[in-house]
Every structure is written in C-alpha cells, then in structure tokens.
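Source file: model-v5.txt; contents: compact mmCIF, C-alpha atoms.
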# COMPACT_ATOMS: atom_id res chain seq x y z
CA MET T 1 86.99 145.96 113.31
CA THR T 2 87.11 146.58 109.57
CA ALA T 3 84.11 146.97 107.30
CA ALA T 4 84.68 143.46 105.95
CA ASP T 5 84.75 142.00 109.48
CA LYS T 6 81.46 143.74 110.31
CA ARG T 7 79.92 142.40 107.11
CA TYR T 8 80.99 138.85 107.92
CA ALA T 9 79.77 139.25 111.52
CA ARG T 10 76.32 140.24 110.25
CA ARG T 11 76.27 137.23 107.97
CA PHE T 12 77.20 134.93 110.85
CA ILE T 13 74.37 136.39 112.93
CA MET T 14 71.90 135.85 110.07
CA LEU T 15 73.12 132.30 109.53
CA GLY T 16 72.82 131.59 113.25
CA LEU T 17 69.26 132.91 113.30
CA VAL T 18 68.34 130.79 110.28
CA PHE T 19 69.74 127.72 112.03
CA VAL T 20 67.75 128.43 115.22
CA LEU T 21 64.53 129.02 113.26
CA VAL T 22 64.97 125.83 111.23
CA LEU T 23 65.78 123.92 114.43
CA LEU T 24 62.62 125.13 116.20
CA GLY T 25 60.57 124.65 113.06
CA SER T 26 61.75 121.05 112.80
CA LEU T 27 60.53 120.41 116.34
CA LEU T 28 57.12 121.86 115.45
CA LEU T 29 56.61 120.15 112.10
CA GLY T 30 54.95 116.77 112.01
CA ARG T 31 51.64 114.99 111.83
CA TYR T 32 51.15 115.60 115.57
CA ALA T 33 50.41 119.32 115.84
CA LEU T 34 52.10 121.54 118.42
CA SER T 35 51.85 125.31 118.81
CA PRO T 36 55.03 127.42 119.05
CA GLY T 37 54.05 128.65 122.51
CA GLN T 38 53.48 125.11 123.73
CA LEU T 39 56.85 123.96 122.38
CA LEU T 40 58.77 126.87 123.93
CA HIS T 41 57.03 126.27 127.26
CA MET T 42 57.99 122.59 127.22
CA LEU T 43 61.62 123.33 126.32
CA TRP T 44 61.94 126.08 128.94
CA THR T 45 60.39 123.90 131.65
CA LYS T 46 62.84 121.07 130.86
CA VAL T 47 65.82 123.42 130.90
CA THR T 48 64.85 125.04 134.20
CA GLY T 49 63.88 121.74 135.83
CA GLY T 50 60.24 122.61 136.36
CA ALA T 51 57.36 120.16 136.69
CA ALA T 52 55.80 118.92 133.46
CA ASP T 53 52.22 120.12 133.04
CA TRP T 54 51.53 118.76 129.56
CA PRO T 55 50.08 115.44 128.31
CA LEU T 56 52.33 112.39 128.18
CA SER T 57 51.72 112.11 124.43
CA ASP T 58 53.19 115.60 123.90
CA ASP T 59 56.20 114.67 126.00
CA LYS T 60 56.91 111.55 123.95
CA VAL T 61 56.49 113.32 120.63
CA VAL T 62 58.87 116.17 121.49
CA PHE T 63 61.50 114.56 123.72
CA ALA T 64 61.50 110.92 122.63
CA VAL T 65 60.88 111.26 118.89
CA ARG T 66 61.51 114.71 117.44
CA LEU T 67 64.31 116.07 119.64
CA PRO T 68 66.70 113.11 119.10
CA ARG T 69 66.03 113.17 115.37
CA VAL T 70 66.51 116.93 115.09
CA ALA T 71 69.71 116.78 117.16
CA ALA T 72 71.07 113.94 114.99
CA ALA T 73 70.22 115.80 111.76
CA ALA T 74 72.01 118.92 112.99
CA LEU T 75 75.09 116.95 114.09
CA VAL T 76 75.27 114.93 110.87
CA GLY T 77 74.80 117.99 108.64
CA ALA T 78 77.44 119.97 110.53
CA ALA T 79 79.87 117.03 110.53
CA LEU T 80 79.55 116.33 106.79
CA ALA T 81 79.87 119.99 105.82
CA VAL T 82 82.92 120.58 108.02
CA SER T 83 84.64 117.39 106.88
CA GLY T 84 83.97 118.34 103.26
CA ALA T 85 85.49 121.80 103.76
CA ALA T 86 88.48 120.27 105.55
CA TYR T 87 89.14 117.71 102.81
CA GLN T 88 88.78 120.33 100.07
CA GLY T 89 91.30 122.56 101.78
CA MET T 90 93.71 119.76 102.52
CA PHE T 91 93.75 118.48 98.93
CA ARG T 92 93.33 121.98 97.43
CA ASN T 93 90.54 120.61 95.26
CA PRO T 94 86.95 122.00 95.37
CA MET T 95 85.56 118.76 93.91
CA VAL T 96 86.63 116.65 96.90
CA SER T 97 83.87 115.26 99.13
CA PRO T 98 83.98 113.53 102.55
CA ASP T 99 84.02 110.06 101.00
CA ILE T 100 87.22 110.72 99.02
CA LEU T 101 89.29 108.35 101.21
CA GLY T 102 86.69 105.59 101.38
CA ALA T 103 85.15 106.42 104.75
CA SER T 104 81.57 106.32 103.44
CA THR T 105 81.96 103.13 101.41
CA GLY T 106 83.84 101.46 104.27
CA ALA T 107 81.05 102.37 106.66
CA GLY T 108 78.47 101.13 104.17
CA PHE T 109 80.25 97.78 103.93
CA GLY T 110 80.41 97.47 107.72
CA ALA T 111 76.70 98.17 108.04
CA ALA T 112 75.83 95.71 105.28
CA VAL T 113 77.82 92.94 106.97
CA ALA T 114 76.21 93.72 110.33
CA ILE T 115 72.72 93.56 108.81
CA LEU T 116 73.63 90.28 107.11
CA LEU T 117 74.72 88.84 110.47
CA GLY T 118 71.50 89.97 112.13
CA ALA T 119 73.01 92.67 114.37
CA GLY T 120 70.83 95.24 116.08
CA TYR T 121 70.80 98.95 115.36
CA PHE T 122 73.69 99.73 117.72
CA GLY T 123 75.74 96.87 116.26
CA ILE T 124 75.13 98.17 112.75
CA SER T 125 76.24 101.67 113.75
CA ALA T 126 79.36 100.38 115.54
CA ALA T 127 80.33 98.15 112.60
CA ALA T 128 79.84 101.02 110.14
CA PHE T 129 81.93 103.37 112.28
CA CYS T 130 84.82 100.91 112.68
CA CYS T 131 84.90 99.95 109.00
CA GLY T 132 84.86 103.61 107.98
CA LEU T 133 87.94 104.25 110.10
CA LEU T 134 89.53 101.06 108.78
CA ALA T 135 89.05 102.14 105.17
CA VAL T 136 90.80 105.47 105.70
CA ALA T 137 93.58 103.82 107.72
CA ALA T 138 94.16 101.39 104.84
CA ALA T 139 94.26 104.23 102.31
CA ARG T 140 96.69 106.14 104.50
CA LEU T 141 98.96 103.07 104.84
CA VAL T 142 99.02 102.44 101.10
CA SER T 143 99.85 106.09 100.37
CA ARG T 144 102.74 106.12 102.84
CA LEU T 145 104.25 103.09 101.08
CA SER T 146 104.09 104.92 97.77
CA ARG T 147 107.12 106.73 96.35
CA THR T 148 105.04 109.26 94.43
CA ASN T 149 103.56 112.54 95.67
CA GLN T 150 101.87 111.78 98.99
CA THR T 151 98.73 113.82 98.29
CA VAL T 152 98.16 112.19 94.90
CA ALA T 153 98.98 108.77 96.33
CA LEU T 154 96.46 109.27 99.14
CA ILE T 155 93.66 110.18 96.71
CA LEU T 156 94.45 107.21 94.47
CA ALA T 157 94.67 104.88 97.46
CA GLY T 158 91.32 106.19 98.69
CA MET T 159 89.73 105.48 95.32
CA MET T 160 91.16 101.96 95.33
CA ILE T 161 90.02 101.19 98.87
CA SER T 162 86.60 102.69 98.13
CA SER T 163 86.27 100.44 95.08
CA LEU T 164 87.19 97.36 97.13
CA PHE T 165 84.64 98.14 99.85
CA SER T 166 81.98 98.89 97.21
CA ALA T 167 82.65 95.47 95.68
CA GLY T 168 82.37 93.93 99.14
CA THR T 169 79.02 95.63 99.71
CA SER T 170 77.77 94.37 96.34
CA PHE T 171 78.77 90.83 97.32
CA VAL T 172 76.96 91.12 100.65
CA LYS T 173 73.81 92.30 98.82
CA LEU T 174 74.16 89.36 96.43
CA VAL T 175 74.13 86.76 99.22
CA ALA T 176 71.63 88.57 101.46
CA ASP T 177 68.09 87.35 101.96
CA THR T 178 65.92 89.08 99.37
CA GLN T 179 62.88 89.29 101.65
CA GLN T 180 64.31 91.11 104.67
CA GLN T 181 68.08 91.65 104.63
CA LEU T 182 68.46 93.06 101.12
CA PRO T 183 65.72 95.73 101.51
CA ALA T 184 67.22 96.72 104.89
CA ILE T 185 70.71 97.06 103.42
CA THR T 186 69.45 99.02 100.41
CA TYR T 187 67.39 101.40 102.54
CA TRP T 188 70.24 101.96 105.00
CA LEU T 189 72.66 102.79 102.18
CA MET T 190 70.26 105.48 100.93
CA GLY T 191 70.39 107.30 104.28
CA SER T 192 67.70 107.90 106.88
CA LEU T 193 67.19 109.27 110.39
CA SER T 194 63.87 107.56 111.04
CA SER T 195 65.21 105.18 113.72
CA ILE T 196 67.19 107.70 115.79
CA LYS T 197 66.99 107.34 119.57
CA ASP T 198 68.63 109.15 122.50
CA LYS T 199 71.50 106.66 122.67
CA ASP T 200 72.26 107.22 118.98
CA VAL T 201 72.65 110.95 119.57
CA LEU T 202 75.06 110.21 122.43
CA PHE T 203 76.96 107.73 120.24
CA LEU T 204 77.19 110.36 117.50
CA SER T 205 78.07 113.36 119.68
CA ILE T 206 81.30 111.87 121.07
CA PRO T 207 83.22 111.33 117.77
CA VAL T 208 81.70 114.49 116.28
CA THR T 209 83.04 116.51 119.22
CA LEU T 210 86.44 114.79 119.00
CA GLY T 211 86.61 115.61 115.30
CA MET T 212 85.06 119.08 115.29
CA VAL T 213 86.92 120.73 118.18
CA PRO T 214 90.47 120.13 116.80
CA LEU T 215 89.41 121.42 113.38
CA LEU T 216 88.05 124.57 115.00
CA VAL T 217 91.33 124.98 116.89
CA LEU T 218 93.50 124.30 113.82
CA ARG T 219 91.39 126.19 111.30
CA TRP T 220 93.81 129.12 111.02
CA ARG T 221 96.63 126.68 110.18
CA MET T 222 94.46 125.07 107.51
CA ASN T 223 94.76 128.32 105.55
CA LEU T 224 98.46 127.54 105.12
CA LEU T 225 97.72 124.19 103.47
CA THR T 226 96.06 126.03 100.59
CA LEU T 227 99.34 127.83 99.84
CA GLY T 228 101.27 124.67 99.01
CA GLU T 229 103.81 122.46 100.73
CA GLU T 230 106.89 124.65 100.38
CA GLU T 231 105.19 127.89 101.40
CA ALA T 232 103.62 126.30 104.46
CA GLN T 233 106.89 124.67 105.53
CA SER T 234 108.73 127.97 105.14
CA MET T 235 106.35 129.41 107.75
CA GLY T 236 107.31 126.72 110.24
CA VAL T 237 104.30 124.43 109.73
CA ASN T 238 104.80 120.68 109.82
CA THR T 239 102.50 119.94 106.88
CA ARG T 240 102.69 116.18 107.33
CA ARG T 241 101.43 116.32 110.90
CA LEU T 242 98.82 118.92 110.05
CA ARG T 243 97.46 116.90 107.13
CA GLY T 244 97.41 113.81 109.31
CA ALA T 245 95.47 115.62 112.03
CA VAL T 246 92.96 116.99 109.49
CA ILE T 247 92.50 113.53 107.95
CA VAL T 248 91.87 111.91 111.34
CA CYS T 249 89.38 114.58 112.42
CA ALA T 250 87.52 114.68 109.10
CA THR T 251 87.38 110.88 109.03
CA LEU T 252 85.93 110.77 112.55
CA LEU T 253 83.22 113.20 111.45
CA THR T 254 82.42 111.29 108.26
CA SER T 255 82.47 107.80 109.76
CA ALA T 256 80.34 108.79 112.76
CA SER T 257 77.79 110.47 110.50
CA VAL T 258 77.51 107.56 108.08
CA ALA T 259 77.35 105.09 110.98
CA VAL T 260 74.21 106.75 112.36
CA SER T 261 72.42 108.09 109.28
CA GLY T 262 73.60 105.92 106.40
CA MET T 263 75.18 107.33 103.26
CA ILE T 264 74.04 110.91 102.64
CA GLY T 265 75.76 112.52 99.69
CA TRP T 266 76.24 116.08 98.43
CA VAL T 267 76.20 117.83 101.83
CA GLY T 268 79.98 117.80 102.20
CA LEU T 269 80.48 118.76 98.56
CA VAL T 270 77.95 121.56 98.06
CA ILE T 271 77.70 123.32 101.45
CA PRO T 272 81.38 124.41 101.61
CA HIS T 273 80.94 126.14 98.24
CA PHE T 274 77.98 128.17 99.50
CA CYS T 275 79.95 129.07 102.62
CA ARG T 276 82.79 130.35 100.45
CA MET T 277 80.33 132.54 98.58
CA LEU T 278 79.24 134.12 101.87
CA PHE T 279 82.42 134.06 103.97
CA GLY T 280 85.36 133.72 101.60
CA TYR T 281 88.20 131.23 101.67
CA ASP T 282 89.46 131.96 105.18
CA TYR T 283 89.07 128.73 107.18
CA ARG T 284 88.75 130.71 110.40
CA ARG T 285 85.28 131.64 109.14
CA LEU T 286 84.65 128.74 106.77
CA ILE T 287 84.70 125.93 109.36
CA PRO T 288 82.15 127.41 111.81
CA ALA T 289 80.01 128.68 108.91
CA GLY T 290 80.04 125.19 107.38
CA ALA T 291 78.86 123.69 110.67
CA LEU T 292 75.88 126.07 110.91
CA PHE T 293 74.99 125.92 107.21
CA GLY T 294 75.31 122.13 107.03
CA ALA T 295 73.18 121.64 110.13
CA ALA T 296 70.42 123.95 108.85
CA PHE T 297 70.50 122.35 105.39
CA LEU T 298 70.13 118.77 106.59
CA LEU T 299 67.44 119.76 109.09
CA ALA T 300 65.42 121.28 106.24
CA VAL T 301 65.98 118.24 104.00
CA ASP T 302 64.96 115.89 106.81
CA ASP T 303 61.76 117.89 107.32
CA ILE T 304 60.93 117.41 103.65
CA ALA T 305 61.78 113.70 103.88
CA ARG T 306 59.30 113.02 106.67
CA LEU T 307 56.49 115.32 105.52
CA VAL T 308 56.35 115.25 101.72
CA THR T 309 54.74 111.77 101.51
CA THR T 310 52.73 109.49 103.77
CA GLY T 311 55.82 107.31 104.10
CA GLU T 312 59.37 108.63 104.36
CA LEU T 313 61.87 109.37 101.60
CA PRO T 314 65.53 108.38 102.10
CA LEU T 315 67.72 111.41 102.77
CA GLY T 316 70.31 110.39 100.19
CA ILE T 317 67.74 110.72 97.41
CA LEU T 318 66.59 114.16 98.53
CA THR T 319 70.10 115.56 99.02
CA ALA T 320 70.96 114.40 95.51
CA PHE T 321 67.84 116.04 94.05
CA VAL T 322 68.62 119.29 95.89
CA GLY T 323 72.41 119.21 95.79
CA ALA T 324 73.00 118.32 92.15
CA PRO T 325 71.08 121.31 90.64
CA LEU T 326 72.67 123.67 93.17
CA PHE T 327 76.12 122.37 92.29
CA VAL T 328 75.41 122.83 88.58
CA TYR T 329 74.40 126.42 89.37
CA LEU T 330 77.67 126.96 91.24
CA ILE T 331 79.68 125.57 88.33
CA VAL T 332 77.88 127.74 85.77
CA THR T 333 78.04 130.97 87.80
CA GLY T 334 81.52 130.49 89.20
CA GLY T 335 80.08 130.22 92.75
CA GLY T 336 82.99 130.47 95.16
CA ARG T 337 84.75 133.24 93.21
CA ARG T 338 81.93 135.68 93.86
CA VAL T 339 83.09 136.64 97.34
CA HIS T 340 82.73 140.24 98.40

Using the file provided, produce a representation of the structure as structure tokens.
Amino acid sequence: MTAADKRYARRFIMLGLVFVLVLLGSLLLGRYALSPGQLLHMLWTKVTGGAADWPLSDDKVVFAVRLPRVAAAALVGAALAVSGAAYQGMFRNPMVSPDILGASTGAGFGAAVAILLGAGYFGISAAAFCCGLLAVAAARLVSRLSRTNQTVALILAGMMISSLFSAGTSFVKLVADTQQQLPAITYWLMGSLSSIKDKDVLFLSIPVTLGMVPLLVLRWRMNLLTLGEEEAQSMGVNTRRLRGAVIVCATLLTSASVAVSGMIGWVGLVIPHFCRMLFGYDYRRLIPAGALFGAAFLLAVDDIARLVTTGELPLGILTAFVGAPLFVYLIVTGGGRRVH
C-alpha cells in the first residue's frame, strides 16, 4: 500500500466515524430527551433480540419516529450525492446535478397530480417515482432520435422535458384548491422527511439498492468515461452501454429520493465536489465517499430542520442556504483541484 493509499484509507475511516456519530446524534436529538447510554442499550437489545425493559413512549420515539426518519435521511443523502457524482462523471461537467435529465421535475409533477387527485402518501410517492422515471425515459428517447452529439442531445432533451414537467406542475398548482391542495403541493416540492414511516424506508431502500450496487460495481469503468469517447472505446469499453447503465442507476436513485422526500437541491451538486477535494477524481473512491458524505450531510441538515424552530423547516430551503455559500467557496478557491 502506497503512502497515498494509506492517506485515503485514513480519510475514509474518519468519514465513516463522522457518519456514525451524526447517525447516533440524530437518534438522540429531539424534544423528547434520551441519554446516549439509554439509546445504545435499546439498539443493542433490539439487535440481539432481548426483552424490552424501557417505557413504551421511549420505544415509539426511537423505533417508530426517529429511526425511520434517520434511515430515510441517510438513504436520500447517499442516493443524491452518488447520483450527482455519477452524472458529473458521465457528462464530464462539474456543474451537472441529479435533476439534469428531468427526474426531479418529473417526480414533482407526479406528486402534484397525485395530491390534486386526493391520493394518500404512498400513492404520492409511487406517482412521483413513476413520473421521474418517465421523464428521463422521454429525454433518452428524444436524444436517441437526434442526429447531433448524443451527450449534448441528452442534456438538451433533459432541459426540454424538465421545462415541460415544470409547466405541468405550475398548471396543477393553478387549478388546485387554495385551502388544502396548494399548500400541500408547495410544501412537498420544498422537501421534507416529517411524514416518514417504516414502509417508506422499505419503499426507498429497494430502488436505492438497485441503483447504488451497480454503480459501486462499475465505478472503476466510470473513470474511463472521463477520458472521452474515443479513448474509452480504444480500451474495449462499450461507452453507449456504460452510459446507459449509469443513467438508469442514477435515475433510480434520484427518482426514489424525490418520491419519498420531495425536491431537495444542492446535495448532488455540492457533495461530489467536497469528496473530490478529499479523495481525488478516482471513482473507485469517489462513489463510496459520496455515499457516506451525502448521508452525513443530509442527516445534519435534517437535524437542523426539526430543531431550529418550534415548527419544521423544509429541507430544500436549508440545503439551499447551506449549499449555495459552500458552492461559491468552491468556485472561488478552485475546490476540486486542491487534491493532495
């Protein structure tokens, strides 16, 4: 193992410890106080199958309220960060975010329509997930019919599809009931994890696993996409299939996240840049680092969202307030180039 490998290994260990500490801290934080010893005892007893010897109120707070929300925040943060890193590598553009192909706006339109039709929470999530996939599929179809450069055509098609779904969402808000439906649509589009239940975590974990595992397996090949089409093809890589696989996986991650949490911006744009500062441009390190960093980041933001006021701030607002200044800092300092 080289000195650089040891340095990166130490950074991975530190990042992993930060994630674990933020995860445990998120389970402790709240208006219902719990001691660290009490929390660890409850978690260990559940894992080992022991008998519960704590009040029912403690059990509900930890396992019915906080644990599903913390798990969802970690999954959504990891999914958005990994999909952002994957899209940036695929398009060789550091300004690309997970909603570049219209997945977020498509999901937002699906959720708005479901709320307008009076669907329940699961129906809203399912509609958002399906419309997010539909948006990217439409962008992909339009780009394949184009005779120009496929990468450029895909980005332009994504912008067009995103604009169409945004217009559709605006129309739904226009015809929605201003007393109940419109506030619900507006709040959902700003992003929140306040209504997360166990079944939502299960719903989220399946597509996140289906999208994350292939990207982890293919991450060494993703390095070749950054070299360009001709160089990658000369090394025996079918760039068309690889790009298609990356698009499908990243879209699964984005659509599933937006379907459960609403539209949360900046995570997929900013977190990959910080990971490049710490771990370089090698996707063998960048993808797992993005998952850990993104999960820890959104956990911390969600803690702020539920504790900073008596109510609860939408996550999309907080990630914008945090992400925008950090991104400006990265632009000014040259961020990702300072890898050592």

_At a cut-off of 12 Å, using all atoms listed in the file, what residues contact T:Phe297? Leave out same-chain residues fewer than 2 positions from it and give the result as a PyMOL selection string._
chain T and resi 15+18-23+26+70+73-81+266-268+270-272+274-275+289-295+299-304+315+318-319+322-323

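Atom pair atom CA of T:Leu210 / atom CA of T:Ile287 has a distance of 14.8 Å (rounded to one decimal).
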
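Computed from the coordinates, the atom CA of T:Gly25 to atom CA of T:Ala71 distance equals 12.7 Å.
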
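The spacing separating atom CA of T:Lys199 from atom CA of T:Ala33 amounts to 25.5 Å.
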
Using only C-alpha atoms, the residue out of T:Ala305, T:Val136, T:Met160, T:Ile317 with shortest distance to T:Leu252 is T:Val136

(request) Using all atoms listed in the file, determine which residues lie at most 10 Å from stretch 146-152 of chain T, disregarding the query and same-chain residues fewer than 6 positions distant; provide the list as a list in words. (result) Met90, Phe91, Arg92, Arg140, Gly158, Arg240 and Arg243 of chain T

Store the residues picked out above in a file with C-alpha atoms, as a PDB file, in the frame of the given file.
ATOM      1  CA  MET T  90      93.710 119.760 102.520  1.00  0.00           C
ATOM      2  CA  PHE T  91      93.750 118.480  98.930  1.00  0.00           C
ATOM      3  CA  ARG T  92      93.330 121.980  97.430  1.00  0.00           C
ATOM      4  CA  ARG T 140      96.690 106.140 104.500  1.00  0.00           C
ATOM      5  CA  GLY T 158      91.320 106.190  98.690  1.00  0.00           C
ATOM      6  CA  ARG T 240     102.690 116.180 107.330  1.00  0.00           C
ATOM      7  CA  ARG T 243      97.460 116.900 107.130  1.00  0.00           C
TER       8      ARG T 243
END

- [ ] Might you pull out every residue within 12 Å of T:Gly37, with all atoms listed in the file counted and same-chain residues fewer than 5 positions away left off, and present them as a ChimeraX atom specification?
- [x] /T:24,28,42-44
